[in-house]
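As provided, model.tsv (TSV, C-alpha atoms) reads as follows.
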chain	number	residue	atom	x	y	z
A	1	MET	CA	33.68	-13.48	0.48
A	2	PHE	CA	33.71	-9.69	0.61
A	3	SER	CA	35.15	-9.57	-2.91
A	4	ASP	CA	32.08	-11.46	-4.14
A	5	LEU	CA	29.72	-9.04	-2.40
A	6	LYS	CA	31.59	-5.89	-3.42
A	7	PRO	CA	30.05	-5.59	-6.94
A	8	HIS	CA	26.56	-6.00	-5.46
A	9	LEU	CA	27.26	-3.39	-2.79
A	10	ILE	CA	28.52	-0.95	-5.43
A	11	GLU	CA	25.39	-1.55	-7.51
A	12	LEU	CA	23.20	-1.13	-4.43
A	13	ARG	CA	24.89	2.15	-3.56
A	14	LYS	CA	24.33	3.38	-7.11
A	15	ARG	CA	20.62	2.52	-7.06
A	16	LEU	CA	20.16	4.04	-3.60
A	17	GLY	CA	21.96	7.20	-4.73
A	18	ILE	CA	19.67	7.65	-7.73
A	19	SER	CA	16.61	6.98	-5.56
A	20	VAL	CA	17.66	9.49	-2.92
A	21	LEU	CA	18.45	12.11	-5.57
A	22	SER	CA	14.99	11.64	-7.06
A	23	LEU	CA	13.39	12.00	-3.62
A	24	VAL	CA	15.35	15.19	-2.90
A	25	VAL	CA	14.40	16.81	-6.22
A	26	MET	CA	10.73	15.89	-5.87
A	27	PHE	CA	10.76	17.05	-2.25
A	28	PHE	CA	11.70	20.59	-3.26
A	29	VAL	CA	9.12	20.55	-6.05
A	30	ALA	CA	6.44	19.38	-3.60
A	31	PHE	CA	7.51	21.91	-0.95
A	32	TYR	CA	6.96	24.71	-3.45
A	33	PHE	CA	3.33	23.59	-3.76
A	34	HIS	CA	2.89	22.55	-0.11
A	35	GLU	CA	-0.02	24.91	0.55
A	36	ALA	CA	-2.11	23.44	-2.27
A	37	LEU	CA	-1.11	19.91	-1.25
A	38	LEU	CA	-2.03	20.53	2.39
A	39	GLU	CA	-5.38	21.94	1.33
A	40	TRP	CA	-6.01	18.76	-0.69
A	41	ILE	CA	-5.02	16.56	2.24
A	42	VAL	CA	-7.18	18.41	4.76
A	43	GLN	CA	-10.23	18.57	2.48
A	44	PRO	CA	-11.74	15.21	3.62
A	45	LEU	CA	-11.34	16.29	7.25
A	46	ASN	CA	-12.97	19.67	6.63
A	47	ALA	CA	-15.83	17.95	4.82
A	48	ALA	CA	-16.31	15.59	7.77
A	49	LEU	CA	-16.26	18.49	10.26
A	50	LEU	CA	-18.79	20.36	8.14
A	51	GLU	CA	-21.05	17.32	7.99
A	52	VAL	CA	-20.79	16.78	11.72
A	53	GLY	CA	-21.53	20.45	12.30
A	54	LYS	CA	-24.92	19.93	10.74
A	55	LYS	CA	-25.72	17.21	13.28
A	56	SER	CA	-24.34	18.65	16.50
A	57	VAL	CA	-24.17	22.08	18.08
A	58	HIS	CA	-20.78	21.33	19.62
A	59	ALA	CA	-19.32	20.12	16.33
A	60	ALA	CA	-19.97	23.55	14.81
A	61	GLU	CA	-16.97	24.74	16.83
A	62	GLY	CA	-14.76	21.97	15.49
A	63	MET	CA	-11.56	23.04	13.78
A	64	VAL	CA	-8.10	21.94	12.72
A	65	THR	CA	-5.45	23.19	15.15
A	66	THR	CA	-1.75	22.94	15.96
A	67	ASN	CA	-0.23	22.87	19.45
A	68	GLN	CA	3.45	23.07	18.47
A	69	VAL	CA	5.74	26.00	17.83
A	70	GLY	CA	6.55	25.70	14.15
A	71	GLY	CA	3.95	22.97	13.77
A	72	ALA	CA	2.81	24.28	10.39
A	73	PHE	CA	6.40	24.16	9.09
A	74	PHE	CA	6.95	20.55	10.15
A	75	VAL	CA	3.59	19.59	8.66
A	76	ALA	CA	4.69	21.17	5.37
A	77	LEU	CA	7.86	19.05	5.51
A	78	LYS	CA	5.86	15.86	6.15
A	79	VAL	CA	3.42	16.62	3.33
A	80	SER	CA	6.29	17.39	0.94
A	81	PHE	CA	8.12	14.18	1.83
A	82	PHE	CA	4.93	12.12	1.41
A	83	THR	CA	4.35	13.70	-2.01
A	84	SER	CA	7.98	13.21	-3.06
A	85	ILE	CA	7.64	9.46	-2.51
A	86	LEU	CA	4.53	9.35	-4.71
A	87	LEU	CA	6.16	11.42	-7.45
A	88	SER	CA	9.38	9.40	-7.30
A	89	LEU	CA	7.65	6.03	-7.36
A	90	PRO	CA	8.44	5.27	-11.06
A	91	VAL	CA	12.12	6.01	-10.39
A	92	LEU	CA	12.14	3.95	-7.18
A	93	LEU	CA	10.53	0.98	-8.92
A	94	SER	CA	12.95	1.23	-11.85
A	95	GLN	CA	15.93	1.20	-9.48
A	96	ILE	CA	14.56	-1.85	-7.66
A	97	TRP	CA	14.16	-3.64	-11.00
A	98	MET	CA	17.63	-2.66	-12.22
A	99	PHE	CA	19.16	-3.97	-9.01
A	100	ILE	CA	17.57	-7.42	-9.38
A	101	ALA	CA	17.77	-7.51	-13.21
A	102	PRO	CA	21.25	-9.14	-13.39
A	103	GLY	CA	19.76	-12.26	-11.80
A	104	LEU	CA	16.93	-12.52	-14.34
A	105	TYR	CA	16.70	-14.18	-17.76
A	106	ALA	CA	16.76	-12.03	-20.89
A	107	ASN	CA	12.99	-12.32	-21.46
A	108	GLU	CA	12.32	-11.40	-17.83
A	109	LYS	CA	14.50	-8.29	-18.01
A	110	LYS	CA	12.20	-6.92	-20.72
A	111	MET	CA	9.36	-6.67	-18.16
A	112	ILE	CA	10.76	-3.48	-16.63
A	113	ILE	CA	8.15	-1.22	-18.28
A	114	PRO	CA	5.13	-3.31	-17.15
A	115	PHE	CA	6.65	-3.48	-13.67
A	116	ILE	CA	7.11	0.28	-13.41
A	117	VAL	CA	3.83	1.26	-15.06
A	118	GLY	CA	1.79	-1.45	-13.32
A	119	GLY	CA	3.30	-0.75	-9.91
A	120	THR	CA	2.79	3.01	-10.24
A	121	VAL	CA	-0.77	2.72	-11.55
A	122	MET	CA	-1.88	0.24	-8.88
A	123	PHE	CA	-0.33	2.33	-6.11
A	124	ALA	CA	-2.12	5.40	-7.47
A	125	ILE	CA	-5.41	3.48	-7.62
A	126	GLY	CA	-4.94	2.43	-3.99
A	127	VAL	CA	-4.30	6.03	-2.93
A	128	CYS	CA	-7.33	7.28	-4.87
A	129	PHE	CA	-9.51	4.54	-3.39
A	130	ALA	CA	-8.39	5.51	0.10
A	131	TYR	CA	-8.87	9.24	-0.51
A	132	TYR	CA	-12.22	9.22	-2.29
A	133	ILE	CA	-13.93	6.21	-0.69
A	134	VAL	CA	-12.31	5.22	2.61
A	135	THR	CA	-11.55	8.60	4.20
A	136	PRO	CA	-15.03	10.12	3.70
A	137	PHE	CA	-16.63	7.15	5.50
A	138	GLY	CA	-13.86	6.75	8.05
A	139	PHE	CA	-13.51	10.41	9.06
A	140	ASP	CA	-17.25	10.98	9.17
A	141	PHE	CA	-17.70	7.97	11.46
A	142	LEU	CA	-14.73	8.71	13.73
A	143	ILE	CA	-15.49	12.41	14.14
A	144	THR	CA	-19.25	12.01	14.44
A	145	PHE	CA	-18.87	9.39	17.17
A	146	GLY	CA	-19.15	11.26	20.46
A	147	SER	CA	-19.42	14.70	18.82
A	148	PHE	CA	-22.63	15.38	20.75
A	149	LYS	CA	-20.50	15.44	23.91
A	150	PHE	CA	-17.11	16.66	22.73
A	151	THR	CA	-15.89	19.45	20.49
A	152	PRO	CA	-13.61	18.03	17.75
A	153	LEU	CA	-10.33	19.98	17.79
A	154	ILE	CA	-8.14	18.03	15.38
A	155	ASN	CA	-4.38	18.37	15.70
A	156	ILE	CA	-2.92	18.83	12.22
A	157	GLU	CA	0.31	16.97	13.06
A	158	ASP	CA	-1.62	13.90	14.20
A	159	TYR	CA	-3.99	14.15	11.26
A	160	VAL	CA	-1.23	14.24	8.63
A	161	GLY	CA	0.38	11.15	10.17
A	162	PHE	CA	-3.03	9.44	10.27
A	163	PHE	CA	-3.73	10.42	6.65
A	164	THR	CA	-0.38	9.33	5.21
A	165	LYS	CA	-0.60	5.97	6.98
A	166	ILE	CA	-3.94	5.29	5.32
A	167	MET	CA	-2.71	6.41	1.89
A	168	PHE	CA	0.47	4.34	2.00
A	169	GLY	CA	-1.36	1.36	3.46
A	170	PHE	CA	-3.86	1.23	0.61
A	171	GLY	CA	-1.21	2.02	-2.00
A	172	ILE	CA	0.92	-0.92	-0.86
A	173	ALA	CA	-2.11	-3.20	-0.53
A	174	PHE	CA	-3.16	-2.56	-4.14
A	175	GLU	CA	0.23	-3.79	-5.35
A	176	LEU	CA	-0.88	-7.39	-4.66
A	177	PRO	CA	-1.80	-8.25	-8.30
A	178	ILE	CA	1.53	-6.83	-9.51
A	179	PHE	CA	3.50	-8.93	-7.01
A	180	ALA	CA	1.45	-12.00	-7.91
A	181	TYR	CA	2.06	-11.45	-11.62
A	182	PHE	CA	5.83	-11.25	-11.32
A	183	LEU	CA	6.03	-14.15	-8.87
A	184	ALA	CA	4.10	-16.21	-11.40
A	185	LEU	CA	6.34	-14.95	-14.19
A	186	LEU	CA	9.37	-16.17	-12.25
A	187	GLY	CA	7.66	-19.53	-11.70
A	188	MET	CA	7.56	-19.10	-7.93
A	189	VAL	CA	3.78	-19.53	-7.59
A	190	ASN	CA	0.89	-21.01	-9.57
A	191	ASP	CA	-2.88	-20.69	-9.39
A	192	LYS	CA	-3.37	-23.99	-7.54
A	193	GLN	CA	-1.04	-22.90	-4.76
A	194	MET	CA	-2.82	-19.55	-4.41
A	195	ILE	CA	-6.23	-21.24	-4.27
A	196	ASN	CA	-5.05	-23.64	-1.56
A	197	PHE	CA	-3.55	-20.74	0.38
A	198	PHE	CA	-6.75	-18.67	0.21
A	199	LYS	CA	-8.06	-19.66	3.67
A	200	TYR	CA	-4.77	-18.58	5.23
A	201	ALA	CA	-4.62	-15.47	3.06
A	202	ILE	CA	-7.87	-14.18	4.56
A	203	ILE	CA	-6.34	-14.29	8.04
A	204	LEU	CA	-3.16	-12.61	6.81
A	205	ILE	CA	-5.18	-9.96	4.99
A	206	PHE	CA	-6.96	-8.93	8.19
A	207	ILE	CA	-3.66	-8.92	10.09
A	208	VAL	CA	-2.01	-6.75	7.41
A	209	SER	CA	-5.07	-4.47	7.33
A	210	ALA	CA	-4.77	-3.97	11.08
A	211	MET	CA	-1.08	-3.12	10.71
A	212	LEU	CA	-1.40	-0.75	7.74
A	213	THR	CA	-4.45	1.21	8.90
A	214	PRO	CA	-5.33	3.23	12.00
A	215	PRO	CA	-6.82	1.24	14.91
A	216	ASP	CA	-10.48	1.38	13.94
A	217	VAL	CA	-12.54	-1.53	12.66
A	218	LEU	CA	-14.22	0.39	9.84
A	219	THR	CA	-10.97	1.33	8.08
A	220	GLN	CA	-9.60	-2.20	8.52
A	221	ILE	CA	-12.71	-3.71	6.92
A	222	LEU	CA	-12.57	-1.17	4.08
A	223	MET	CA	-9.02	-2.37	3.37
A	224	ALA	CA	-9.59	-6.09	3.93
A	225	GLY	CA	-12.58	-6.23	1.55
A	226	PRO	CA	-10.73	-4.90	-1.53
A	227	LEU	CA	-7.68	-7.00	-0.63
A	228	ILE	CA	-9.74	-10.18	-0.71
A	229	ILE	CA	-11.11	-9.14	-4.12
A	230	LEU	CA	-7.59	-8.32	-5.31
A	231	TYR	CA	-6.43	-11.75	-4.13
A	232	GLY	CA	-9.13	-13.32	-6.31
A	233	ILE	CA	-8.00	-11.20	-9.25
A	234	SER	CA	-4.43	-12.25	-8.55
A	235	ILE	CA	-5.44	-15.91	-8.81
A	236	LEU	CA	-6.84	-15.25	-12.30
A	237	ILE	CA	-3.66	-13.38	-13.28
A	238	VAL	CA	-1.43	-16.19	-12.01
A	239	LYS	CA	-3.58	-18.77	-13.81
A	240	ALA	CA	-3.04	-16.90	-17.08
A	241	VAL	CA	0.72	-16.51	-16.53
A	242	ASN	CA	1.74	-19.73	-14.77
A	243	PRO	CA	-1.10	-22.27	-14.51
A	244	ALA	CA	-0.51	-25.41	-12.50
A	245	SER	CA	0.33	-28.46	-14.60
A	246	GLU	CA	-1.84	-31.58	-14.43
A	247	ASP	CA	0.91	-33.43	-12.56
A	248	GLU	CA	1.08	-30.67	-9.94
A	249	GLU	CA	-2.70	-30.67	-9.57
A	250	ASP	CA	-2.77	-34.46	-9.15
A	251	GLU	CA	0.01	-34.22	-6.55
A	252	GLU	CA	-1.86	-31.49	-4.67
A	253	ASP	CA	-5.05	-33.57	-4.71
A	254	GLU	CA	-3.17	-36.61	-3.38
A	255	ASN	CA	-1.68	-34.53	-0.59
A	256	GLU	CA	-5.13	-33.22	0.31
A	257	ASP	CA	-6.53	-36.78	0.34
A	258	ASP	CA	-3.67	-37.91	2.58
A	259	ASP	CA	-4.35	-35.03	4.97
A	260	ILE	CA	-8.05	-35.95	5.11
A	261	GLN	CA	-7.19	-39.59	5.81
A	262	ASP	CA	-4.79	-38.54	8.57
A	263	VAL	CA	-7.49	-36.41	10.19
A	264	LYS	CA	-10.02	-39.25	10.02
A	265	SER	CA	-7.55	-41.75	11.46
A	266	THR	CA	-6.85	-39.51	14.44

Do you think you could lay out the structure here as structure tokens?
Amino acid sequence: MFSDLKPHLIELRKRLGISVLSLVVMFFVAFYFHEALLEWIVQPLNAALLEVGKKSVHAAEGMVTTNQVGGAFFVALKVSFFTSILLSLPVLLSQIWMFIAPGLYANEKKMIIPFIVGGTVMFAIGVCFAYYIVTPFGFDFLITFGSFKFTPLINIEDYVGFFTKIMFGFGIAFELPIFAYFLALLGMVNDKQMINFFKYAIILIFIVSAMLTPPDVLTQILMAGPLIILYGISILIVKAVNPASEDEEDEEDENEDDDIQDVKST
């Protein structure tokens, strides 16, 4: 049994090694520019503090602080690691594809470029959506709330963790059409199945939004809304790639009719 797994383990080690090497290289590149990166990350927070300062006397004293010895250094490490993942994403996706490629057909193996480009672009769109649309609304709301009573002193360590969670959450969420496309390409899902699953998908979307975003309703709604739209787009993509056959549609309709009859009989 181990002899059968050994080639896969060797291949896995190779792909992990390349991925880690890419992360290490990009980490040092990002660390060199960590001051500019940190300024970019903190900009939405500073804008929110400035906006709140116009509305409240107390908020005028708001500032970004650190309460740890060496806190700025560890923040620089976190920011550099976060950036290294973003910069290494094409390499990481390529290694994932190369690991699963031996189990694919020849025509499916040729989809490596769309997988890498599509996955990277959609992740970047999710990050940009979070940065330019979600964070301005979210930070303004969260910091403004109660600012007439309390002075906002934002801990930079907590903020960076908060920020990266939002960015990664939206980046992963925007990969939904890419996942749907390749699942359809592999024949694992069709448009009829996705349409029937839609009512359950809405519940799952709100659960995932709660897990991938900070615990505030506004941010969760700002993620759930685009995800529902992306699910609809995914249905159209799957319909173009792997539409349900007439036999499958008839079978689905019969199953639905049987379910309705069962409910009525009970």

* Write out as a ChimeraX atom specification each polymer residue whose atoms come within 7 Å of segment 125-130 of chain A, counting all atoms listed in the file; drop sequence neighbours fewer than 4 positions from it. => /A:121,134-135,166-167,170-171,174

Would you export the selected residues with C-alpha atoms as a tab-separated table (two decimals), in the frame of the given file, please?
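Saved the output as part22.tsv:
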chain	number	residue	atom	x	y	z
A	121	VAL	CA	-0.77	2.72	-11.55
A	134	VAL	CA	-12.31	5.22	2.61
A	135	THR	CA	-11.55	8.60	4.20
A	166	ILE	CA	-3.94	5.29	5.32
A	167	MET	CA	-2.71	6.41	1.89
A	170	PHE	CA	-3.86	1.23	0.61
A	171	GLY	CA	-1.21	2.02	-2.00
A	174	PHE	CA	-3.16	-2.56	-4.14

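Shortest separation to Leu183 of chain A among A:Val241, A:Ala72, A:Ile143, A:Ile156 occurs at residue A:Val241, atoms counted being all atoms listed in the file.
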
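The smallest atom-to-atom distance between Ser80 of chain A and any of A:Ala210, A:Leu236, A:Leu23, A:Met111, using all atoms listed in the file, is found for A:Leu23.
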
* Residue neighbourhood Pro102 of chain A, 12 Å, all atoms listed in the file, exclusion window fewer than 6 positions, as number ranges by chain -> A: 7-8, 11, 96, 108-110

* To do: Might you pull out every residue within 9 Å of Ser234 of chain A, with all atoms listed in the file counted and same-chain residues fewer than 5 positions away left off, and present them as a list in words?
  =>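 Once the nearby chain positions are removed, what remains is Leu176, Pro177, Ile178, Phe179, Ala180, Tyr181, Asp191, Met194, Ile229 and Lys239 of chain A.
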
For the interface of segment 135-239 of chain A with segment 34-46 of chain A (cut-off 12 Å, counting all atoms listed in the file), please tabulate each contacting residue of segment 135-239 of chain A alongside its nearest pair of atoms and their separation in Å to one decimal, rows sorted by chain and increasing number, as JSON lines.
{"residue": "A:Thr135", "atom": "CA", "partner": "A:Pro44", "partner_atom": "CA", "distance": 6.6}
{"residue": "A:Pro136", "atom": "CA", "partner": "A:Pro44", "partner_atom": "CA", "distance": 6.1}
{"residue": "A:Phe137", "atom": "CA", "partner": "A:Pro44", "partner_atom": "CA", "distance": 9.6}
{"residue": "A:Gly138", "atom": "CA", "partner": "A:Pro44", "partner_atom": "CA", "distance": 9.8}
{"residue": "A:Phe139", "atom": "CA", "partner": "A:Leu45", "partner_atom": "CA", "distance": 6.5}
{"residue": "A:Asp140", "atom": "CA", "partner": "A:Leu45", "partner_atom": "CA", "distance": 8.2}
{"residue": "A:Phe141", "atom": "CA", "partner": "A:Leu45", "partner_atom": "CA", "distance": 11.3}
{"residue": "A:Leu142", "atom": "CA", "partner": "A:Leu45", "partner_atom": "CA", "distance": 10.5}
{"residue": "A:Ile143", "atom": "CA", "partner": "A:Leu45", "partner_atom": "CA", "distance": 8.9}
{"residue": "A:Thr144", "atom": "CA", "partner": "A:Leu45", "partner_atom": "CA", "distance": 11.5}
{"residue": "A:Pro152", "atom": "CA", "partner": "A:Leu45", "partner_atom": "CA", "distance": 10.9}
{"residue": "A:Leu153", "atom": "CA", "partner": "A:Leu45", "partner_atom": "CA", "distance": 11.2}
{"residue": "A:Ile154", "atom": "CA", "partner": "A:Leu45", "partner_atom": "CA", "distance": 8.9}
{"residue": "A:Asn155", "atom": "CA", "partner": "A:Leu45", "partner_atom": "CA", "distance": 11.1}
{"residue": "A:Ile156", "atom": "CA", "partner": "A:Val42", "partner_atom": "CA", "distance": 8.6}
{"residue": "A:Glu157", "atom": "CA", "partner": "A:Val42", "partner_atom": "CA", "distance": 11.3}
{"residue": "A:Asp158", "atom": "CA", "partner": "A:Val42", "partner_atom": "CA", "distance": 11.8}
{"residue": "A:Tyr159", "atom": "CA", "partner": "A:Val42", "partner_atom": "CA", "distance": 8.4}
{"residue": "A:Val160", "atom": "CA", "partner": "A:Ile41", "partner_atom": "CA", "distance": 7.8}
{"residue": "A:Gly161", "atom": "CA", "partner": "A:Ile41", "partner_atom": "CA", "distance": 11.0}
{"residue": "A:Phe162", "atom": "CA", "partner": "A:Ile41", "partner_atom": "CA", "distance": 10.9}
{"residue": "A:Phe163", "atom": "CA", "partner": "A:Ile41", "partner_atom": "CA", "distance": 7.7}
{"residue": "A:Thr164", "atom": "CA", "partner": "A:Ile41", "partner_atom": "CA", "distance": 9.1}
{"residue": "A:Ile166", "atom": "CA", "partner": "A:Ile41", "partner_atom": "CA", "distance": 11.7}
{"residue": "A:Met167", "atom": "CA", "partner": "A:Ile41", "partner_atom": "CA", "distance": 10.4}

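For the choices A:Pro226, A:Ile235, A:Ser19, A:Leu93, the atom-to-atom distance to Phe206 of chain A is smallest for A:Pro226 when using all atoms listed in the file.
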
* Rank A:Pro114, A:Gln220, A:Leu12, A:Thr65 by their smallest atom-to-atom distance to Ile100 of chain A, using only C-alpha atoms, and report the top residue only. =>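 Closest to Ile100 of chain A of all the choices is A:Leu12.
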
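Between atom CA of Thr213 of chain A and atom CA of Val75 of chain A there is a distance of 20.1 Å.
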
* Between atom CA of Ile207 of chain A and atom CA of Phe81 of chain A - distance in Å to one decimal -> 27.2 Å

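What separates atom CA of Phe99 of chain A from atom CA of Gly118 of chain A is a distance of 18.1 Å.
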
* Structure fact -> Nearest to Val238 of chain A, restricted to all atoms listed in the file and choosing among A:Ser94, A:Thr219, A:Ser84, A:Gln193, comes out as A:Gln193
